[in-house]
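> Here you go, one structure.
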Amino acid sequence: MIIKQTGEKSLKNLMRKQVMKTANLQNPQMELLRKQKIAARAAEIPKKYRKIYKNAAERLNKSAAINAFCLECVCWQKNEIINCSCLACPLFGLRPYTKETNKEPKKNATTKIH
Ligand code: SF4
């Protein structure tokens with residue numbers, strides 16, 4: 001099972017790299033411009049969220065893309081994603097940080113049940 005997952009993951013990475021290479025070859029000027037725009041945009045993002053943005057924009061990570069999109073949508077205010085009220089947004093069900101609010105409070109280990 002672990003070997004299968006690792007194989008699938010490396011295959012996905014290989015395919016992602018191939019897509020990026022193809023994009024570079026198809027229009028190198030556009031890719032150069034894109035890199036410059038990504039660098040400029042990354043500089044405007046709060047430091048703690050830059051990695052998420054770069055994983056999305058440079059490494060084409062879909063999960064990071066969803067996270068970065070939601071974070072950008074709410075001006076990088078994490079709590080605003082949790083409280084998002086845009087029920088019709090296509091990303092509503094996929095938005096990050098919602099599991100943190102669904103966690104049950106930790107039970108006190110010393111509490112006795114009668
Ligand atoms: S789910 Fe909410 S926070 Fe995420 S992109 Fe949509 S409107 Fe913005």
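Within each chain, counting starts at residue 1; across the structure tokens, chains are named A, B, ... in the order shown, with ligands numbered 1 upward in that order.
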Could you give me, as a list in words, the residues within 12 Å of Asn61 in chain A, counting only C-alpha atoms and dropping anything in the same chain fewer than 6 positions from it?

Lys12, Asn13, Arg16, Lys17, Met20, Lys51, Ile52, Tyr53, Lys54, Asn55, Asn67 and Ala68 of chain A

> Please dump the current selection as a PDB file, in the first residue's frame; keep C-alpha atoms.


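Below you can see out_20.pdb, which holds the result:
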ATOM      1  CA  LYS A  12       2.019  12.736 -10.171  1.00  0.00           C
ATOM      2  CA  ASN A  13       5.206  14.722  -9.511  1.00  0.00           C
ATOM      3  CA  ARG A  16       3.503  17.906 -12.954  1.00  0.00           C
ATOM      4  CA  LYS A  17       7.132  18.517 -13.933  1.00  0.00           C
ATOM      5  CA  MET A  20       5.671  22.713 -16.314  1.00  0.00           C
ATOM      6  CA  LYS A  51       5.188  29.183   1.111  1.00  0.00           C
ATOM      7  CA  ILE A  52       1.548  28.244   0.473  1.00  0.00           C
ATOM      8  CA  TYR A  53       1.366  30.757  -2.371  1.00  0.00           C
ATOM      9  CA  LYS A  54       4.635  29.558  -3.920  1.00  0.00           C
ATOM     10  CA  ASN A  55       3.589  25.923  -3.654  1.00  0.00           C
ATOM     11  CA  ASN A  67      -5.620  27.457   0.409  1.00  0.00           C
ATOM     12  CA  ALA A  68      -3.873  30.396  -1.244  1.00  0.00           C
TER      13      ALA A  68
END

> Could you give me the residues within 7 Å of ligand 1, counting only C-alpha atoms and all ligand atoms, as a ChimeraX atom specification?

/A:69-71,73-74,80-81,84-86,89-92,95

> Would you mind exporting the chosen residues as a short mmCIF file (atom, residue, chain, number, x, y, z; two decimals), in the first residue's frame, restricted to N, CA and C atoms?


data_model
loop_
_atom_site.label_atom_id
_atom_site.label_comp_id
_atom_site.auth_asym_id
_atom_site.auth_seq_id
_atom_site.Cartn_x
_atom_site.Cartn_y
_atom_site.Cartn_z
N PHE A 69 -5.91 30.62 -2.56
CA PHE A 69 -7.02 31.39 -3.13
C PHE A 69 -7.93 31.91 -2.03
N CYS A 70 -8.27 31.01 -1.09
CA CYS A 70 -9.13 31.44 0.03
C CYS A 70 -8.43 32.50 0.88
N LEU A 71 -7.16 32.29 1.17
CA LEU A 71 -6.43 33.27 1.98
C LEU A 71 -6.39 34.63 1.29
N CYS A 73 -8.50 35.69 -0.92
CA CYS A 73 -9.89 36.19 -0.99
C CYS A 73 -10.24 37.01 0.26
N VAL A 74 -9.70 36.61 1.40
CA VAL A 74 -10.03 37.29 2.66
C VAL A 74 -8.86 38.14 3.17
N GLU A 80 -11.20 34.72 8.81
CA GLU A 80 -12.27 35.07 7.89
C GLU A 80 -12.66 33.89 7.01
N ILE A 81 -11.71 33.00 6.76
CA ILE A 81 -12.04 31.79 5.99
C ILE A 81 -12.95 30.90 6.81
N CYS A 84 -16.36 32.26 6.70
CA CYS A 84 -16.83 32.59 5.35
C CYS A 84 -18.33 32.27 5.25
N SER A 85 -19.06 33.22 4.70
CA SER A 85 -20.52 33.03 4.58
C SER A 85 -20.95 32.94 3.12
N CYS A 86 -19.99 32.81 2.23
CA CYS A 86 -20.32 32.72 0.80
C CYS A 86 -20.63 31.26 0.46
N CYS A 89 -19.97 29.77 -3.04
CA CYS A 89 -18.61 29.76 -3.61
C CYS A 89 -18.22 28.32 -3.93
N PRO A 90 -17.64 28.09 -5.09
CA PRO A 90 -17.23 26.72 -5.45
C PRO A 90 -16.20 26.13 -4.50
N LEU A 91 -15.49 26.98 -3.77
CA LEU A 91 -14.47 26.47 -2.85
C LEU A 91 -14.98 26.33 -1.41
N PHE A 92 -16.23 26.67 -1.19
CA PHE A 92 -16.73 26.70 0.18
C PHE A 92 -16.49 25.38 0.92
N ARG A 95 -12.65 24.82 1.60
CA ARG A 95 -11.83 25.88 2.20
C ARG A 95 -11.05 25.35 3.41
#

> From the list A:Val19, A:Glu72, A:Ser10, A:Ile66, which residue is nearest Arg41 in chain A when using only C-alpha atoms?

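Ranking A:Val19, A:Glu72, A:Ser10, A:Ile66 by distance to Arg41 in chain A, first place goes to A:Glu72.
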
> Can you work out the spacing between CA of Gln18 in chain A and CA of Ser63 in chain A in Å, to one decimal?

19.1 Å
